[in-house]
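K.L.:
Here you go, final-v2.txt (compact mmCIF, C-alpha atoms):
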# COMPACT_ATOMS: atom_id res chain seq x y z
CA MET A 1 23.81 33.30 -40.49
CA ASN A 2 23.33 30.15 -38.53
CA LEU A 3 20.06 28.46 -37.74
CA ILE A 4 19.46 30.29 -34.46
CA GLN A 5 19.79 33.68 -36.13
CA ILE A 6 17.45 32.70 -38.96
CA LEU A 7 14.88 31.48 -36.43
CA PHE A 8 15.32 34.66 -34.36
CA TRP A 9 14.60 36.95 -37.30
CA PHE A 10 11.72 34.79 -38.53
CA LEU A 11 10.06 34.77 -35.09
CA THR A 12 10.67 38.50 -34.67
CA GLY A 13 9.03 39.28 -37.98
CA LEU A 14 6.15 36.96 -37.22
CA ALA A 15 5.58 38.53 -33.78
CA LEU A 16 5.65 42.10 -35.08
CA PHE A 17 3.44 41.37 -38.09
CA SER A 18 0.84 39.53 -36.03
CA ALA A 19 0.90 42.22 -33.33
CA LEU A 20 0.18 44.80 -36.02
CA MET A 21 -2.64 42.64 -37.38
CA VAL A 22 -4.13 42.45 -33.86
CA ILE A 23 -4.70 46.19 -33.78
CA LEU A 24 -5.48 46.56 -37.49
CA SER A 25 -8.07 43.86 -38.10
CA LYS A 26 -11.69 44.96 -37.85
CA ASN A 27 -13.18 41.68 -36.75
CA PRO A 28 -12.55 40.93 -33.03
CA VAL A 29 -12.32 37.17 -33.68
CA HIS A 30 -9.48 37.76 -36.16
CA SER A 31 -7.73 39.90 -33.56
CA VAL A 32 -7.88 37.06 -31.04
CA LEU A 33 -6.50 34.60 -33.59
CA TRP A 34 -3.61 36.94 -34.49
CA LEU A 35 -2.86 37.41 -30.80
CA ILE A 36 -2.55 33.63 -30.47
CA VAL A 37 0.03 33.76 -33.29
CA VAL A 38 1.94 36.42 -31.32
CA PHE A 39 1.96 34.16 -28.27
CA PHE A 40 3.27 31.25 -30.33
CA ALA A 41 6.06 33.46 -31.70
CA ILE A 42 7.00 34.60 -28.20
CA SER A 43 7.02 30.98 -27.05
CA GLY A 44 9.39 30.26 -29.93
CA HIS A 45 11.66 33.00 -28.62
CA TYR A 46 11.58 31.39 -25.18
CA ILE A 47 12.60 28.07 -26.70
CA LEU A 48 15.48 29.77 -28.53
CA LEU A 49 16.56 31.21 -25.16
CA ASN A 50 16.30 27.70 -23.65
CA ALA A 51 13.59 28.85 -21.23
CA GLN A 52 11.63 25.67 -21.81
CA PHE A 53 9.40 25.88 -18.75
CA LEU A 54 8.23 29.39 -19.63
CA ALA A 55 7.67 28.43 -23.26
CA ILE A 56 5.28 25.65 -22.27
CA VAL A 57 3.60 27.70 -19.54
CA ASN A 58 3.16 30.56 -22.00
CA LEU A 59 1.46 28.23 -24.47
CA ILE A 60 -0.76 26.59 -21.85
CA VAL A 61 -1.74 29.69 -19.88
CA TYR A 62 -1.91 32.33 -22.60
CA ALA A 63 -2.65 30.57 -25.87
CA GLY A 64 -4.61 27.80 -24.17
CA ALA A 65 -6.56 29.33 -21.33
CA ILE A 66 -6.68 33.10 -21.64
CA MET A 67 -7.33 33.30 -25.37
CA VAL A 68 -10.04 30.64 -25.15
CA LEU A 69 -11.66 32.80 -22.46
CA PHE A 70 -11.47 35.79 -24.81
CA LEU A 71 -13.00 33.77 -27.65
CA PHE A 72 -15.78 32.56 -25.36
CA VAL A 73 -16.63 36.11 -24.31
CA ILE A 74 -16.57 37.38 -27.91
CA MET A 75 -18.90 34.60 -29.03
CA LEU A 76 -21.12 35.06 -25.96
CA LEU A 77 -21.52 38.77 -26.72
CA ASN A 78 -21.91 38.00 -30.45
CA LEU A 79 -19.38 40.61 -31.56
CA ASN A 80 -18.46 40.90 -35.22
CA LYS A 81 -17.45 43.43 -37.81
CA GLU A 82 -20.83 45.20 -37.83
CA THR A 83 -20.99 45.83 -34.09
CA GLU A 84 -17.44 47.19 -33.95
CA PRO A 85 -17.37 50.76 -32.55
CA GLN A 86 -15.05 53.13 -34.42
CA LYS A 87 -13.10 56.11 -33.20
CA ASN A 88 -12.88 59.05 -35.56
CA VAL A 89 -9.81 59.41 -37.74
CA TRP A 90 -8.23 62.22 -35.76
CA MET A 91 -8.33 60.28 -32.51
CA LYS A 92 -6.71 57.31 -34.25
CA LEU A 93 -4.03 59.55 -35.74
CA ALA A 94 -3.35 61.16 -32.36
CA GLY A 95 -3.05 57.76 -30.68
CA THR A 96 -0.68 56.50 -33.35
CA ILE A 97 1.48 59.61 -33.09
CA ALA A 98 1.60 59.32 -29.29
CA GLY A 99 2.65 55.67 -29.45
CA GLY A 100 5.20 56.44 -32.16
CA CYS A 101 6.67 59.24 -30.05
CA PHE A 102 7.07 56.80 -27.15
CA LEU A 103 8.76 54.27 -29.45
CA LEU A 104 11.15 56.84 -30.92
CA SER A 105 12.11 58.38 -27.59
CA VAL A 106 12.93 55.06 -25.92
CA CYS A 107 14.77 53.90 -29.08
CA ASN A 108 16.85 57.05 -28.84
CA VAL A 109 17.69 56.31 -25.20
CA ILE A 110 18.87 52.79 -26.06
CA TYR A 111 20.81 54.02 -29.08
CA ASN A 112 22.58 56.63 -26.94
CA ALA A 113 23.42 54.00 -24.35
CA GLN A 114 24.91 51.90 -27.15
CA VAL A 115 26.94 54.71 -28.66
CA THR A 116 28.18 56.57 -25.60
CA THR A 117 29.08 53.87 -23.09
CA LEU A 118 29.77 50.93 -25.44
CA GLU A 119 28.89 48.76 -22.46
CA LEU A 120 25.64 47.51 -23.98
CA ASN A 121 27.40 46.22 -27.09
CA LYS A 122 29.37 43.70 -25.07
CA LYS A 123 26.26 42.21 -23.48
CA THR A 124 25.02 39.16 -25.31
CA VAL A 125 22.19 36.80 -24.59
CA LEU A 126 23.00 33.12 -24.16
CA MET A 127 21.06 31.24 -26.82
CA GLY A 128 20.18 27.56 -26.62
CA GLU A 129 22.48 26.75 -23.72
CA GLY A 130 22.45 27.15 -19.95
CA ASN A 131 20.04 25.31 -17.71
CA ILE A 132 18.43 28.10 -15.69
CA GLY A 133 15.24 27.83 -17.73
CA LEU A 134 14.74 24.14 -17.06
CA ILE A 135 11.95 23.07 -14.74
CA GLU A 136 14.37 21.37 -12.34
CA ASN A 137 16.18 24.57 -11.47
CA LEU A 138 13.11 26.81 -11.49
CA GLY A 139 11.15 24.37 -9.32
CA LYS A 140 13.94 24.22 -6.75
CA LYS A 141 14.11 28.00 -6.65
CA LEU A 142 10.33 28.38 -6.51
CA PHE A 143 9.81 26.01 -3.61
CA THR A 144 12.74 27.21 -1.50
CA ASP A 145 13.39 30.92 -1.89
CA TYR A 146 10.08 31.98 -3.39
CA VAL A 147 7.65 29.75 -1.56
CA ILE A 148 5.88 32.62 0.23
CA PRO A 149 5.05 34.55 -2.97
CA PHE A 150 3.91 31.25 -4.45
CA GLU A 151 1.46 30.69 -1.59
CA ILE A 152 0.30 34.31 -1.71
CA SER A 153 -0.45 33.91 -5.43
CA SER A 154 -2.83 31.07 -4.54
CA VAL A 155 -4.73 33.52 -2.31
CA LEU A 156 -4.75 35.94 -5.27
CA PHE A 157 -6.26 33.25 -7.49
CA LEU A 158 -8.93 32.46 -4.91
CA SER A 159 -9.91 36.12 -4.60
CA ALA A 160 -9.91 36.54 -8.40
CA MET A 161 -12.17 33.51 -8.77
CA VAL A 162 -14.60 34.78 -6.14
CA GLY A 163 -14.45 38.28 -7.62
CA ALA A 164 -15.18 37.07 -11.16
CA VAL A 165 -18.18 35.07 -10.00
CA VAL A 166 -19.53 37.94 -7.90
CA ILE A 167 -19.12 40.50 -10.69
CA ALA A 168 -20.50 38.39 -13.53
CA LYS A 169 -23.42 36.93 -11.54
CA LYS A 170 -26.90 38.15 -12.48
CA ASP A 171 -28.30 40.02 -9.51
CA MET B 172 22.48 37.42 -29.92
CA PRO B 173 23.23 40.97 -28.73
CA VAL B 174 20.79 42.03 -26.05
CA GLN B 175 19.72 45.20 -27.82
CA TYR B 176 17.86 43.20 -30.47
CA TYR B 177 15.66 41.84 -27.73
CA ILE B 178 15.23 45.31 -26.22
CA TYR B 179 14.12 46.72 -29.57
CA LEU B 180 11.75 43.81 -30.19
CA ALA B 181 10.12 44.12 -26.77
CA LEU B 182 9.91 47.87 -27.20
CA ALA B 183 8.21 47.53 -30.58
CA LEU B 184 5.68 45.04 -29.21
CA PHE B 185 5.02 47.30 -26.21
CA SER B 186 4.49 50.33 -28.48
CA ILE B 187 2.10 48.38 -30.68
CA GLY B 188 0.17 47.57 -27.51
CA ILE B 189 0.10 51.24 -26.52
CA ILE B 190 -1.10 52.28 -29.98
CA GLY B 191 -3.82 49.63 -29.81
CA VAL B 192 -5.00 50.86 -26.42
CA LEU B 193 -5.11 54.44 -27.67
CA THR B 194 -6.77 53.84 -31.03
CA ARG B 195 -9.33 51.09 -30.50
CA ARG B 196 -12.72 51.52 -28.84
CA ASN B 197 -13.70 47.89 -28.43
CA THR B 198 -13.08 47.06 -24.77
CA ILE B 199 -11.99 43.50 -25.53
CA ILE B 200 -9.37 44.64 -28.06
CA VAL B 201 -8.05 47.18 -25.52
CA PHE B 202 -7.78 44.37 -23.02
CA MET B 203 -5.93 42.18 -25.53
CA CYS B 204 -3.47 44.99 -26.20
CA ILE B 205 -2.74 45.10 -22.46
CA GLU B 206 -1.96 41.38 -22.64
CA LEU B 207 0.37 42.12 -25.55
CA MET B 208 2.22 44.71 -23.44
CA LEU B 209 2.55 42.22 -20.58
CA ASN B 210 4.04 39.69 -22.97
CA ALA B 211 6.55 42.19 -24.32
CA VAL B 212 7.75 42.80 -20.76
CA ASN B 213 7.95 39.05 -20.14
CA LEU B 214 10.13 38.58 -23.22
CA LEU B 215 12.44 41.37 -22.07
CA LEU B 216 12.74 39.85 -18.58
CA VAL B 217 13.69 36.46 -20.00
CA ALA B 218 16.25 38.06 -22.32
CA PHE B 219 17.80 39.99 -19.44
CA SER B 220 17.85 36.87 -17.30
CA LYS B 221 19.78 35.01 -19.99
CA MET B 222 22.09 37.99 -20.45
CA HIS B 223 22.84 37.98 -16.73
CA HIS B 224 23.35 34.23 -16.85
CA HIS B 225 25.79 34.45 -19.76
CA ALA B 226 28.56 36.13 -17.76
CA ALA B 227 28.29 33.58 -14.95
CA TYR B 228 27.99 30.69 -17.42
CA LEU B 229 31.39 31.46 -18.90
CA GLN B 230 33.04 30.87 -15.52
CA ASN B 231 30.90 28.05 -14.20
CA LYS B 232 28.58 26.00 -16.39
CA ALA B 233 26.46 24.87 -13.42
CA SER B 234 25.68 28.33 -12.05
CA VAL B 235 22.05 29.31 -11.62
CA VAL B 236 22.60 33.07 -11.69
CA GLY B 237 19.70 34.83 -13.37
CA SER B 238 16.88 32.41 -12.68
CA GLU B 239 15.03 35.04 -10.64
CA GLY B 240 14.08 36.83 -13.86
CA GLN B 241 12.30 33.75 -15.16
CA LEU B 242 10.51 33.29 -11.83
CA PHE B 243 9.26 36.87 -12.06
CA VAL B 244 7.89 36.06 -15.51
CA PHE B 245 6.08 33.11 -13.97
CA PHE B 246 4.52 35.37 -11.34
CA ILE B 247 3.56 37.93 -14.00
CA MET B 248 1.71 35.17 -15.84
CA VAL B 249 -0.08 34.22 -12.61
CA VAL B 250 -1.20 37.80 -12.04
CA ALA B 251 -2.20 38.17 -15.71
CA ALA B 252 -4.42 35.10 -15.51
CA ALA B 253 -6.19 36.45 -12.42
CA GLU B 254 -6.50 39.86 -14.06
CA VAL B 255 -8.05 38.44 -17.22
CA SER B 256 -10.74 36.54 -15.31
CA VAL B 257 -11.84 39.62 -13.38
CA GLY B 258 -11.53 41.92 -16.40
CA LEU B 259 -13.63 39.72 -18.66
CA ALA B 260 -16.26 39.50 -15.91
CA ILE B 261 -16.35 43.30 -15.84
CA ILE B 262 -16.69 43.40 -19.64
CA VAL B 263 -19.58 40.92 -19.53
CA MET B 264 -21.27 43.05 -16.87
CA LEU B 265 -20.71 46.19 -18.97
CA TYR B 266 -22.28 44.49 -21.97
CA ARG B 267 -25.25 43.35 -19.93
CA ASN B 268 -25.93 46.88 -18.71
CA THR B 269 -25.30 48.84 -21.92
CA HIS B 270 -25.58 46.23 -24.75
CA SER B 271 -22.32 47.47 -26.18
CA VAL B 272 -18.59 46.97 -25.63
CA ASP B 273 -17.77 50.56 -26.56
CA ILE B 274 -15.21 51.86 -24.07
CA ASN B 275 -16.80 55.32 -24.09
CA PHE B 276 -19.75 53.92 -22.14
CA LEU B 277 -17.41 53.70 -19.18
CA ASN B 278 -17.59 57.51 -19.11
CA ARG B 279 -20.81 57.28 -17.19
CA LEU B 280 -18.90 55.87 -14.23
CA LYS B 281 -17.95 59.44 -13.35
CA ASN B 282 -21.50 60.44 -12.39
Please express what this file holds, its structure, as structure tokens.
P.N.:
Amino acid sequence: MNLIQILFWFLTGLALFSALMVILSKNPVHSVLWLIVVFFAISGHYILLNAQFLAIVNLIVYAGAIMVLFLFVIMLLNLNKETEPQKNVWMKLAGTIAGGCFLLSVCNVIYNAQVTTLELNKKTVLMGEGNIGLIENLGKKLFTDYVIPFEISSVLFLSAMVGAVVIAKKD
Amino acid sequence: MPVQYYIYLALALFSIGIIGVLTRRNTIIVFMCIELMLNAVNLLLVAFSKMHHHAAYLQNKASVVGSEGQLFVFFIMVVAAAEVSVGLAIIVMLYRNTHSVDINFLNRLKN
């Protein structure tokens, strides 16, 4: 096992464990903190894939901005372990079984694709090389071929900003 | 790395998000699980983009095949940021009207 594989398995384990802790912890603040750990692990995966721009954007936008917004709202509403609403056990069990059925069925589809066609086994992901994830290449692509979606997303941001203010305003 | 490892990882993260949405009643946690599902899809898109790039990279080291996948991830992040701002505003409004973040209070929307 070389270094990249060790890092891959470490980050995978970290992401799965923290994702489980997000849905298992009772205190909403702990859930937010575990979700930040998940985002850091996913950013680590992006760095392993040499998608450096996305790794930094993921950290800034998700771990920096969105999770701080979540923490602000949780502290504003003064949520903690005591105010946490609970579903009854049967609903939780049914939800877990439904999610597990989804996981197993899609796993089966991928496994069949691996076994029957043998095409998927030849596909490998380029790790740590290739410059498509660098900001030079993505910026060129973004401001030539994808400039119209980029401008439309600024309209989306404007409408989201206005919408958030209108909804959250005291009337 | 074989691409199926990334598929299984993204699938596991997505399923954990689904289970969280189905089993939790706190609206903020449900919202966070949706973010988790979005991130699983982002990871899968980046892995597929690098998989697509790998074949072209073997022929020509300077090729930029596959960078569309990473641009889509960028746009997903843009949409997710807009979605979070509006969604948290709705949650704050829900709390102001019902003094709770229980998702079952949204039932009364149907009347």
K.L.:
Report, in Å with one decimal, the straight-line distance from CA of Gly130 (chain A) to CA of Leu14 (chain A).
P.N.:
25.7 Å
K.L.:
Nearest to Tyr179 (chain B) among A:Thr12, A:Asn131, A:Asn80, A:Asn50, with distances taken over all atoms listed in the file: which residue is it?
P.N.:
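Ranked by minimum distance to Tyr179 (chain B), first place goes to A:Thr12.
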K.L.:
Quick one: residues within 6 Å of (1.4, 38.4, -36.2) (file frame), counting only C-alpha atoms, please, as a list in words.
P.N.:
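It turns out the residues near that spot are Leu14, Ala15, Leu16, Phe17, Ser18, Ala19, Met21, Trp34, Val37 and Val38 of chain A.
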K.L.:
Emit the selected residues as a tab-separated table (two decimals), in the frame of the given file, including C-alpha atoms.
P.N.:
chain	number	residue	atom	x	y	z
A	14	LEU	CA	6.15	36.96	-37.22
A	15	ALA	CA	5.58	38.53	-33.78
A	16	LEU	CA	5.65	42.10	-35.08
A	17	PHE	CA	3.44	41.37	-38.09
A	18	SER	CA	0.84	39.53	-36.03
A	19	ALA	CA	0.90	42.22	-33.33
A	21	MET	CA	-2.64	42.64	-37.38
A	34	TRP	CA	-3.61	36.94	-34.49
A	37	VAL	CA	0.03	33.76	-33.29
A	38	VAL	CA	1.94	36.42	-31.32
K.L.:
From the options B:Val263, B:Val249, B:Leu214, B:Val235, which residue's atoms come nearest to Val155 (chain A), counting all atoms listed in the file?
P.N.:
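Result for the nearest residue to Val155 (chain A): B:Val249.
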K.L.:
Fewer than 6 positions away in the same chain doesn't count, so skip those; otherwise give me all residues within 10 Å of Leu142 (chain A), counting only C-alpha atoms, as a PyMOL selection string.
P.N.:
(chain A and resi 135-136+148-150) or (chain B and resi 238-239+242+245)
K.L.:
In Å, with one decimal, what is the gap from CA of Leu184 (chain B) to CA of Leu20 (chain A)?
P.N.:
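One can read the CA of Leu184 (chain B) to CA of Leu20 (chain A) distance as 8.8 Å.
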K.L.:
Taking only C-alpha atoms into account, which of A:Ala51, A:Ile42, A:Ala168, A:Leu59 comes nearest Ser220 (chain B)?
P.N.:
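Ranking A:Ala51, A:Ile42, A:Ala168, A:Leu59 by distance to Ser220 (chain B), first place goes to A:Ala51.
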K.L.:
Neighbouring residues of region 96-109 of chain A were defined as those with any atom within 9 Å, considering only C-alpha atoms; residues of the same chain fewer than 5 positions away were excluded. Please report them as an NGL selection string.
P.N.:
(:A and (91 or 114)) or (:B and (179 or 182-183 or 185-191 or 193-194))
K.L.:
Let me see the file: selected residues, C-alpha atoms, as a short mmCIF file (atom, residue, chain, number, x, y, z; two decimals), keeping the file's coordinate frame.
P.N.:
data_model
loop_
_atom_site.label_atom_id
_atom_site.label_comp_id
_atom_site.auth_asym_id
_atom_site.auth_seq_id
_atom_site.Cartn_x
_atom_site.Cartn_y
_atom_site.Cartn_z
CA MET A 91 -8.33 60.28 -32.51
CA GLN A 114 24.91 51.90 -27.15
CA TYR B 179 14.12 46.72 -29.57
CA LEU B 182 9.91 47.87 -27.20
CA ALA B 183 8.21 47.53 -30.58
CA PHE B 185 5.02 47.30 -26.21
CA SER B 186 4.49 50.33 -28.48
CA ILE B 187 2.10 48.38 -30.68
CA GLY B 188 0.17 47.57 -27.51
CA ILE B 189 0.10 51.24 -26.52
CA ILE B 190 -1.10 52.28 -29.98
CA GLY B 191 -3.82 49.63 -29.81
CA LEU B 193 -5.11 54.44 -27.67
CA THR B 194 -6.77 53.84 -31.03
#
K.L.:
Enter the distance from CA of Leu69 (chain A) to CA of Tyr146 (chain A), in Å, rounded to one decimal.
P.N.:
28.9 Å
K.L.:
Using only C-alpha atoms, can you tell me which of B:Val212, B:Ala260, B:Ala181, B:Val201 comes closest to chain A?
P.N.:
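Under the stated criterion, the closest residue is B:Ala260.
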K.L.:
Considering all atoms listed in the file, state which residue in the set B:Thr198, B:Asn275, B:Ser256, B:Gln230 is at the smallest distance from chain A.
P.N.:
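The answer is B:Ser256, which sits nearest to chain A.
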K.L.:
Compile the contact shell of Leu156 (chain A) as a ChimeraX atom specification: residues with an atom at most 12 Å away, counting only C-alpha atoms, same-chain residues fewer than 5 positions apart removed.
P.N.:
/A:149-151,161-163 /B:246,249-254,256-257
K.L.:
Can you pull out every residue within 12 Å of Phe72 (chain A), counting all atoms listed in the file, but drop anything in the same chain fewer than 4 positions away, and send it as a PDB file with C-alpha atoms, keeping the file's coordinate frame?
P.N.:
ATOM      1  CA  PRO A  28     -12.550  40.930 -33.030  1.00  0.00           C
ATOM      2  CA  VAL A  29     -12.320  37.170 -33.680  1.00  0.00           C
ATOM      3  CA  VAL A  32      -7.880  37.060 -31.040  1.00  0.00           C
ATOM      4  CA  ALA A  65      -6.560  29.330 -21.330  1.00  0.00           C
ATOM      5  CA  ILE A  66      -6.680  33.100 -21.640  1.00  0.00           C
ATOM      6  CA  MET A  67      -7.330  33.300 -25.370  1.00  0.00           C
ATOM      7  CA  VAL A  68     -10.040  30.640 -25.150  1.00  0.00           C
ATOM      8  CA  LEU A  76     -21.120  35.060 -25.960  1.00  0.00           C
ATOM      9  CA  LEU A  77     -21.520  38.770 -26.720  1.00  0.00           C
ATOM     10  CA  ASN A  78     -21.910  38.000 -30.450  1.00  0.00           C
ATOM     11  CA  LEU A  79     -19.380  40.610 -31.560  1.00  0.00           C
TER      12      LEU A  79
ATOM     13  CA  ILE B 199     -11.990  43.500 -25.530  1.00  0.00           C
ATOM     14  CA  SER B 256     -10.740  36.540 -15.310  1.00  0.00           C
ATOM     15  CA  LEU B 259     -13.630  39.720 -18.660  1.00  0.00           C
ATOM     16  CA  ALA B 260     -16.260  39.500 -15.910  1.00  0.00           C
ATOM     17  CA  VAL B 263     -19.580  40.920 -19.530  1.00  0.00           C
TER      18      VAL B 263
END
K.L.:
For Asn58 (chain A), which residue among B:Ile247, B:Val255, B:Asn278, B:Val272 is the nearest when counting all atoms listed in the file?
P.N.:
B:Ile247
K.L.:
Residues near region 223-227 of chain B, anyone? I mean within 6 Å using only C-alpha atoms, not counting same-chain ones fewer than 2 positions away, as an NGL selection string.
P.N.:
(:A and (126)) or (:B and (220-221 or 229-230 or 236-237))
K.L.:
Since we have the selection now, will you write its residues out, keeping C-alpha atoms, as a compact mmCIF listing (two decimals), in the frame of the given file?
P.N.:
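Printed below is again.txt as written:
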# COMPACT_ATOMS: atom_id res chain seq x y z
CA LEU A 126 23.00 33.12 -24.16
CA SER B 220 17.85 36.87 -17.30
CA LYS B 221 19.78 35.01 -19.99
CA LEU B 229 31.39 31.46 -18.90
CA GLN B 230 33.04 30.87 -15.52
CA VAL B 236 22.60 33.07 -11.69
CA GLY B 237 19.70 34.83 -13.37
K.L.:
Centre and edge lengths, as lines of an AutoDock Vina configuration file, for the axis-aligned box enclosing every listed atom of region 125-128 of chain A with 3 Å of padding on each of the six sides, in Å to one decimal?
P.N.:
center_x = 21.6
center_y = 32.2
center_z = -25.5
size_x = 8.8
size_y = 15.2
size_z = 8.7
